[in-house]
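**Student:** Dropping a structure here in C-alpha cells format, bear with me for questions.
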Number of protein chains: 2
Amino acid sequence: MVETIQWTGRGVVMIDQTRLPFEETYVTCRTYGEVADAIRGMVIRGAPAIGVAAAMGVALGVEAASAADLDNEVERICATLAATRPTAVNLFWAIGRMKKVYASMRGRPLEEIRARLVAEAQLVYREDIAINQAIGRHGAPLVPDGKTVLTHCNAGALATAGYGTALGVVRAAVEGGKKIDVFSDETRPFLQGARLTVWELQHDGIPATLITDNMAGHFLKSGRIGCVVVGADRIAANGDVANKIGTYGVAVLAKENGVPFFVAAPISTLDLTLASGSQIPIEQRPAAEVTHVFGTPVAPAGTAVENPAFDVTPSRYVSAIITERGVARAPYGESLGRLAAAPAQAG
Amino acid sequence: MVETIQWTGRGVVMIDQTRLPFEETYVTCRTYGEVADAIRGMVIRGAPAIGVAAAMGVALGVEAASAADLDNEVERICATLAATRPTAVNLFWAIGRMKKVYASMRGRPLEEIRARLVAEAQLVYREDIAINQAIGRHGAPLVPDGKTVLTHCNAGALATAGYGTALGVVRAAVEGGKKIDVFSDETRPFLQGARLTVWELQHDGIPATLITDNMAGHFLKSGRIGCVVVGADRIAANGDVANKIGTYGVAVLAKENGVPFFVAAPISTLDLTLASGSQIPIEQRPAAEVTHVFGTPVAPAGTAVENPAFDVTPSRYVSAIITERGVARAPYGESLGRLAAAPAQAG
C-alpha cells in the first residue's frame, strides 16, 4: 500500500490526493505553512490524515522556530494550521495534543522541545494506524458475509495514516475470510470515491464497483447491499455524525431499506463539547468544484452553486459507531461517553 | 426558447443535447435510421421528446419507403425506432399511434399515406406543447410560494416538444406570479441537470442553483425546499414511477423531511399494462458514462461500473402525479385509471 503521509528527514511527504489515481506524485512540505496549504488544497484529506498532518505541521514549525519568541510562534503555527478546514475535529484534536506537549516542555532547551514534538507527531501517526486496525477488528464482525458493502467518499488508508477507518473495517472483514465486495459512491464534487476508494481497493485486490452517488438508493433497495460503512469528520455527544456531503442521504436510504448503517471513526473524532450535530460548522467550498471536473466545465458559465462539503446525519439513522475502543450503539449519549472515558486499548 | 425538435422540409432537426450548454449545434436527421441513432445516442432525450422524435422518425421512414412492400417496411421502421431505448414508454406510445394511423390508411395512395403520417407526427409535436402547458396549469397551484423547487435531471423544454413537464410546472408557477427559485441536481452521469436544466432556466431568467446529486438530502433537511418536481419515463398502474436514476433517493429524502414530491408527466407516460414498477425494464448504459466526464477519466482504468439509467420510485413516496387531465393522488390505481379514461382536454 502507498504511504499517505510520512515524516522524513527532508520534510513531511504526502501523496498528492488531488492527482490520484492518474498520477502518483508526492508533495514535500518543508514548512508548517506548506502543510497548511496542503490541507486547505486537499493534497491530504480525510479527518484522521488531517490530524496527523497537523501534528507533523506543528513539529515542522517548531523545528524552524527561534527560541526568542517561542510561545507566540507556537500559537501562530497552531492558529495557521487550525484555520485550514473547519469541520473535521481531528485537526483541532491533534493541534491540542501538540500544544499540551509543548506546554509540558516549556522552559526546556529548544532542541529538546523540538525532538519531543517530532516524536509526538510520529506517535500520532503510528497510533492512528494501530487505531484503525483496532476499528477493523471491532467492525469486521458487523459486516454481513457474502454481500456488498456500500461506502461513500474515501475513509481508507488515504484518509488516515494507513489501513483506513471504514475501509479498515472492510479490510479486516476480508482478512477474516468474509466474501464481500464494495460499491463505492463516486462522491461528487471531489470524486474521492471514484479516484481514491476504487484505486485503494484495486491495490488490495478487493472487488470494487463504482456507482454515481444517485445510484445508492437504487442498490440499497435492490437487496444486494449488506451494510453501509462510512467514516466521520466530527461526531457530536448525541451521536450525530458530520461526514462528507451525501452521507446523510445514504443513511436515510439505508434505514428506509433495513440496511445497517455503520460509522467507523477513532475516538479523536468525537466532539463531546457539542450537544448535537446542528452545532458542527459545515465548510463551504469553491463553486468551481461543482461547475468543473478536472478543469472541464459541466455547467453554463456563471452558474450559481451551493457547495457544502459535509452534511450531518442524525444519530437515529446510525446503527452503530465503530471506534478503536469498541462499538457504540444508541443511546449514543451514554455509549459514546463511556467509550470516551475508557482507557485507550489501541496498539 | 430554443426549439428541441422540428419537422422541416429537409428532415427532422434536433438541438444536439450531448453538446449543450457549450455548443448550440443542430443535427438534421434525413432518415428514420438517423432518428434512431439520435435517440440511442441521446442527441435527443426525455420521454416526451423521444415520443415526438419517434413519431417524426416513422413519418420520415414512410416518406422514403416504396409502395411495393409497404407493410413490412413500416414494421421495420417501427421496430428499429422501438429498439433504441427500453424504459420511456412514450416511445412505444408514439410508435403505436403512428402504426394505428398507418393501419387506418392501408390501401390508400402512397402520397396520401405519407402526408397523413407527416401530419400526425406534427400533431404529436403540437399536442405535446399543449399538454405541457396544461400540466403547468394543473401543477402551478401545488408549488409553495416563496420557496425553492428541487428538480432532478431535465424534465424541461428540452425533454419535450416545448415548455416542459416538471419545468412546465415551474414556468407556470413563475408566470402566475410565484416567487420561486430552482435547485437543480447535476444528475450524474449524463449531467442533464447541470447542462440542460440550468441552461434552460437561465434562458428564462428563472433563478437556478446547481448542486451535486448527493447534496439533495442536505437541502431537503434544511427547510428551504418547498417541493420537489420531477418528470417520469414510465408510470405503472399502481403509480410507481420510473424516472432518471436518483429520483428514488430524492423521493425518499423528500418524504423523510415532509417535503411534497410531485411527478409531472403526460398521460402517454402511463403504462396501465404494468401492475407495478418492478415490471418496468431499466436500461443499463455504457460504463464510460460513469468513468468519464466529457472524455476525461474520473476513475482508474479498468474500473468496474454499474450504470442503470433509471430507478423506480414506489408510489408511496409520490405526493401527486400532475397530468394534462388533472392531478392524481393516492390511491393511484383508482385516480390514474380515472384520468386515463377521461377525455383529453389539452390544446
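In the C-alpha cells, the first chain shown is A, the next is B, and so on; residue numbers restart at 1 for each chain, and ligands run from 1 in the order shown.
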As number ranges by chain, list the residues of segment 160-249 of chain B assigned to helix (DSSP H, G or I) by DSSP on the backbone atoms of this structure.
**Tutor:** B: 166-175, 192-204, 213-222, 247-249
**Student:** At a cut-off of 6 Å, which residues of chain A touch chain B? Count only C-alpha atoms and give the answer as a ChimeraX atom specification.
**Tutor:** /A:21,194-195,209-211,213-215,217,246,249,299-300,304-306
**Student:** Do you know which residues are at most 9 Å from segment 231-237 of chain B counting only C-alpha atoms, after dropping those on the same chain fewer than 6 positions away, and could you put them as a ChimeraX atom specification?
**Tutor:** /B:46-48,87-90,151-156,164-167,243-244,262-266,268-280,310,332-334,336-337
**Student:** Contacts of Thr160 of chain A at 10 Å or less, counting only C-alpha atoms, minus same-chain residues fewer than 6 places along, as JSON, numbers by chain?
**Tutor:** {"A": [3, 4, 5, 44, 45, 46, 47, 48, 49, 50, 51, 52, 53, 125, 128, 129, 132, 154, 168]}
**Student:** So which one's closest to Ile206 of chain B, B:Ile267, B:Val124, B:Val229, B:Ile180? Using only C-alpha atoms, please.
**Tutor:** B:Ile180
**Student:** Need the shell around Gln133 of chain B: protein/DNA/RNA residues with any atom at most 10 Å away, counting only C-alpha atoms. Skip same-chain ones fewer than 4 positions apart. Format as JSON, numbers by chain?
**Tutor:** {"B": [127, 128, 129, 137, 138, 139, 162, 163, 164, 165, 168, 169, 171, 172, 324, 346, 347]}
**Student:** Those same residues - all heavy atoms - I'd like them written as a compact mmCIF listing (two decimals), in the first residue's frame.
**Tutor:**
```txt
# COMPACT_ATOMS: atom_id res chain seq x y z
N GLU B 127 -49.42 18.78 -29.97
CA GLU B 127 -50.15 18.34 -28.78
C GLU B 127 -49.25 18.31 -27.55
O GLU B 127 -49.67 18.64 -26.45
CB GLU B 127 -50.74 16.93 -29.00
CG GLU B 127 -52.02 16.93 -29.79
CD GLU B 127 -52.57 15.51 -29.95
OE1 GLU B 127 -52.02 14.57 -29.33
OE2 GLU B 127 -53.54 15.36 -30.70
N ASP B 128 -48.00 17.89 -27.76
CA ASP B 128 -47.11 17.77 -26.61
C ASP B 128 -46.92 19.12 -25.92
O ASP B 128 -46.94 19.22 -24.70
CB ASP B 128 -45.75 17.18 -27.02
CG ASP B 128 -44.89 16.87 -25.80
OD1 ASP B 128 -45.34 16.07 -24.95
OD2 ASP B 128 -43.80 17.44 -25.67
N ILE B 129 -46.75 20.17 -26.70
CA ILE B 129 -46.59 21.51 -26.11
C ILE B 129 -47.86 21.89 -25.34
O ILE B 129 -47.79 22.36 -24.20
CB ILE B 129 -46.26 22.54 -27.20
CG1 ILE B 129 -44.92 22.18 -27.85
CG2 ILE B 129 -46.22 23.95 -26.60
CD1 ILE B 129 -44.54 23.06 -29.03
N ARG B 137 -50.53 24.33 -15.83
CA ARG B 137 -51.72 24.94 -15.21
C ARG B 137 -52.19 24.13 -14.00
O ARG B 137 -52.52 24.69 -12.96
CB ARG B 137 -52.87 25.02 -16.21
CG ARG B 137 -52.80 26.20 -17.16
CD ARG B 137 -54.14 26.47 -17.84
NE ARG B 137 -54.65 25.33 -18.61
CZ ARG B 137 -54.27 25.03 -19.86
NH1 ARG B 137 -53.35 25.77 -20.47
NH2 ARG B 137 -54.78 23.98 -20.48
N HIS B 138 -52.20 22.81 -14.14
CA HIS B 138 -52.65 21.96 -13.03
C HIS B 138 -51.63 21.93 -11.89
O HIS B 138 -52.01 21.81 -10.72
CB HIS B 138 -52.90 20.52 -13.51
CG HIS B 138 -54.09 20.39 -14.40
ND1 HIS B 138 -55.37 20.73 -14.01
CD2 HIS B 138 -54.21 19.96 -15.69
CE1 HIS B 138 -56.22 20.52 -15.00
NE2 HIS B 138 -55.54 20.05 -16.05
N GLY B 139 -50.35 22.04 -12.25
CA GLY B 139 -49.32 21.88 -11.23
C GLY B 139 -48.98 23.15 -10.47
O GLY B 139 -48.61 23.08 -9.29
N GLY B 162 -41.65 21.20 -26.10
CA GLY B 162 -41.51 22.57 -25.61
C GLY B 162 -42.20 22.75 -24.27
O GLY B 162 -43.07 21.96 -23.90
N TYR B 163 -41.79 23.75 -23.51
CA TYR B 163 -42.36 24.15 -22.23
C TYR B 163 -41.98 23.24 -21.08
O TYR B 163 -41.66 23.71 -19.99
CB TYR B 163 -43.90 24.26 -22.32
CG TYR B 163 -44.51 25.15 -21.24
CD1 TYR B 163 -44.31 26.53 -21.26
CD2 TYR B 163 -45.27 24.62 -20.20
CE1 TYR B 163 -44.86 27.36 -20.28
CE2 TYR B 163 -45.82 25.44 -19.22
CZ TYR B 163 -45.61 26.80 -19.27
OH TYR B 163 -46.17 27.61 -18.30
N GLY B 164 -41.98 21.93 -21.30
CA GLY B 164 -41.53 21.02 -20.25
C GLY B 164 -42.64 20.51 -19.36
O GLY B 164 -43.73 21.07 -19.31
N THR B 165 -42.34 19.41 -18.67
CA THR B 165 -43.30 18.82 -17.73
C THR B 165 -43.01 19.39 -16.33
O THR B 165 -43.69 20.30 -15.88
CB THR B 165 -43.22 17.29 -17.77
OG1 THR B 165 -41.86 16.87 -17.60
CG2 THR B 165 -43.75 16.75 -19.09
N GLY B 168 -42.27 22.81 -16.79
CA GLY B 168 -43.52 23.46 -17.18
C GLY B 168 -44.30 23.91 -15.95
O GLY B 168 -44.87 25.01 -15.92
N VAL B 169 -44.30 23.07 -14.93
CA VAL B 169 -44.95 23.43 -13.66
C VAL B 169 -44.23 24.65 -13.05
O VAL B 169 -44.89 25.60 -12.59
CB VAL B 169 -44.95 22.24 -12.68
CG1 VAL B 169 -45.42 22.67 -11.29
CG2 VAL B 169 -45.83 21.11 -13.22
N ARG B 171 -42.44 26.90 -14.71
CA ARG B 171 -42.73 28.07 -15.57
C ARG B 171 -44.12 28.63 -15.29
O ARG B 171 -44.30 29.85 -15.18
CB ARG B 171 -42.62 27.66 -17.05
CG ARG B 171 -41.21 27.42 -17.50
CD ARG B 171 -41.08 27.30 -19.03
NE ARG B 171 -39.67 27.41 -19.36
CZ ARG B 171 -38.85 26.37 -19.56
NH1 ARG B 171 -39.31 25.13 -19.51
NH2 ARG B 171 -37.57 26.56 -19.82
N ALA B 172 -45.10 27.73 -15.17
CA ALA B 172 -46.47 28.19 -14.93
C ALA B 172 -46.57 28.88 -13.57
O ALA B 172 -47.29 29.88 -13.42
CB ALA B 172 -47.44 27.01 -15.01
N GLU B 324 -51.92 16.31 -17.81
CA GLU B 324 -52.67 17.35 -18.53
C GLU B 324 -54.17 17.25 -18.27
O GLU B 324 -54.92 18.17 -18.57
CB GLU B 324 -52.37 17.25 -20.04
CG GLU B 324 -52.95 16.03 -20.76
CD GLU B 324 -52.02 14.81 -20.72
OE1 GLU B 324 -51.23 14.70 -19.74
OE2 GLU B 324 -52.08 14.00 -21.66
N ALA B 346 -56.38 18.69 -23.41
CA ALA B 346 -55.27 19.58 -23.74
C ALA B 346 -55.54 20.31 -25.04
O ALA B 346 -56.33 19.88 -25.87
CB ALA B 346 -53.98 18.80 -23.85
N GLY B 347 -54.87 21.41 -25.26
CA GLY B 347 -54.92 22.11 -26.53
C GLY B 347 -55.96 23.20 -26.53
O GLY B 347 -56.55 23.50 -25.52
```
**Student:** Using atom CA of Ser319 of chain B and atom CA of Phe261 of chain B as the two end points, give the distance in Å to one decimal.
**Tutor:**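 According to the coordinates, atom CA of Ser319 of chain B and atom CA of Phe261 of chain B are separated by 5.2 Å.
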**Student:** Using DSSP on the backbone coordinates, identify all residues within segment 109-300 of chain B classified as strand (DSSP E); present the result as a ChimeraX atom specification.
**Tutor:** /B:148-151,181-185,208-211,225-230,234-236,241-244,261-264,270-271,292-293,296-297
**Student:** Output the selection as a short mmCIF file (atom, residue, chain, number, x, y, z; two decimals), in the first residue's frame - C-alpha atoms for each residue.
**Tutor:**
```
data_model
loop_
_atom_site.label_atom_id
_atom_site.label_comp_id
_atom_site.auth_asym_id
_atom_site.auth_seq_id
_atom_site.Cartn_x
_atom_site.Cartn_y
_atom_site.Cartn_z
CA THR B 148 -37.18 26.66 -3.62
CA VAL B 149 -38.26 23.93 -6.06
CA LEU B 150 -35.86 21.00 -6.25
CA THR B 151 -35.70 19.12 -9.54
CA ASP B 181 -36.18 29.60 -7.45
CA VAL B 182 -34.92 26.20 -8.53
CA PHE B 183 -32.25 23.87 -7.18
CA SER B 184 -31.08 21.55 -9.92
CA ASP B 185 -29.35 18.25 -9.12
CA ALA B 208 -31.33 28.37 -10.68
CA THR B 209 -28.71 26.94 -8.35
CA LEU B 210 -26.69 23.88 -9.22
CA ILE B 211 -25.98 21.22 -6.61
CA ILE B 225 -37.10 23.34 -0.37
CA GLY B 226 -40.86 23.85 -0.75
CA CYS B 227 -41.44 20.90 -3.07
CA VAL B 228 -39.74 18.53 -5.47
CA VAL B 229 -41.00 18.30 -9.07
CA VAL B 230 -39.62 15.71 -11.49
CA ARG B 234 -42.97 5.34 -17.28
CA ILE B 235 -45.67 5.15 -14.64
CA ALA B 236 -47.21 1.78 -13.71
CA VAL B 241 -42.68 5.90 -11.27
CA ALA B 242 -39.64 5.07 -13.37
CA ASN B 243 -37.52 8.17 -13.86
CA LYS B 244 -33.85 9.16 -14.16
CA PHE B 261 -42.74 15.13 -4.07
CA PHE B 262 -44.56 15.75 -7.35
CA VAL B 263 -44.27 13.89 -10.65
CA ALA B 264 -45.28 15.84 -13.77
CA LEU B 270 -48.83 5.85 -18.08
CA ASP B 271 -48.38 2.16 -18.74
CA HIS B 292 -15.52 9.60 -17.79
CA VAL B 293 -16.86 13.16 -17.88
CA THR B 296 -11.88 12.96 -19.06
CA PRO B 297 -11.42 9.89 -16.86
#
```
**Student:** Hey, can you check how far atom CA of Thr31 of chain A sits from atom CA of Gln284 of chain A?
**Tutor:** 26.2 Å
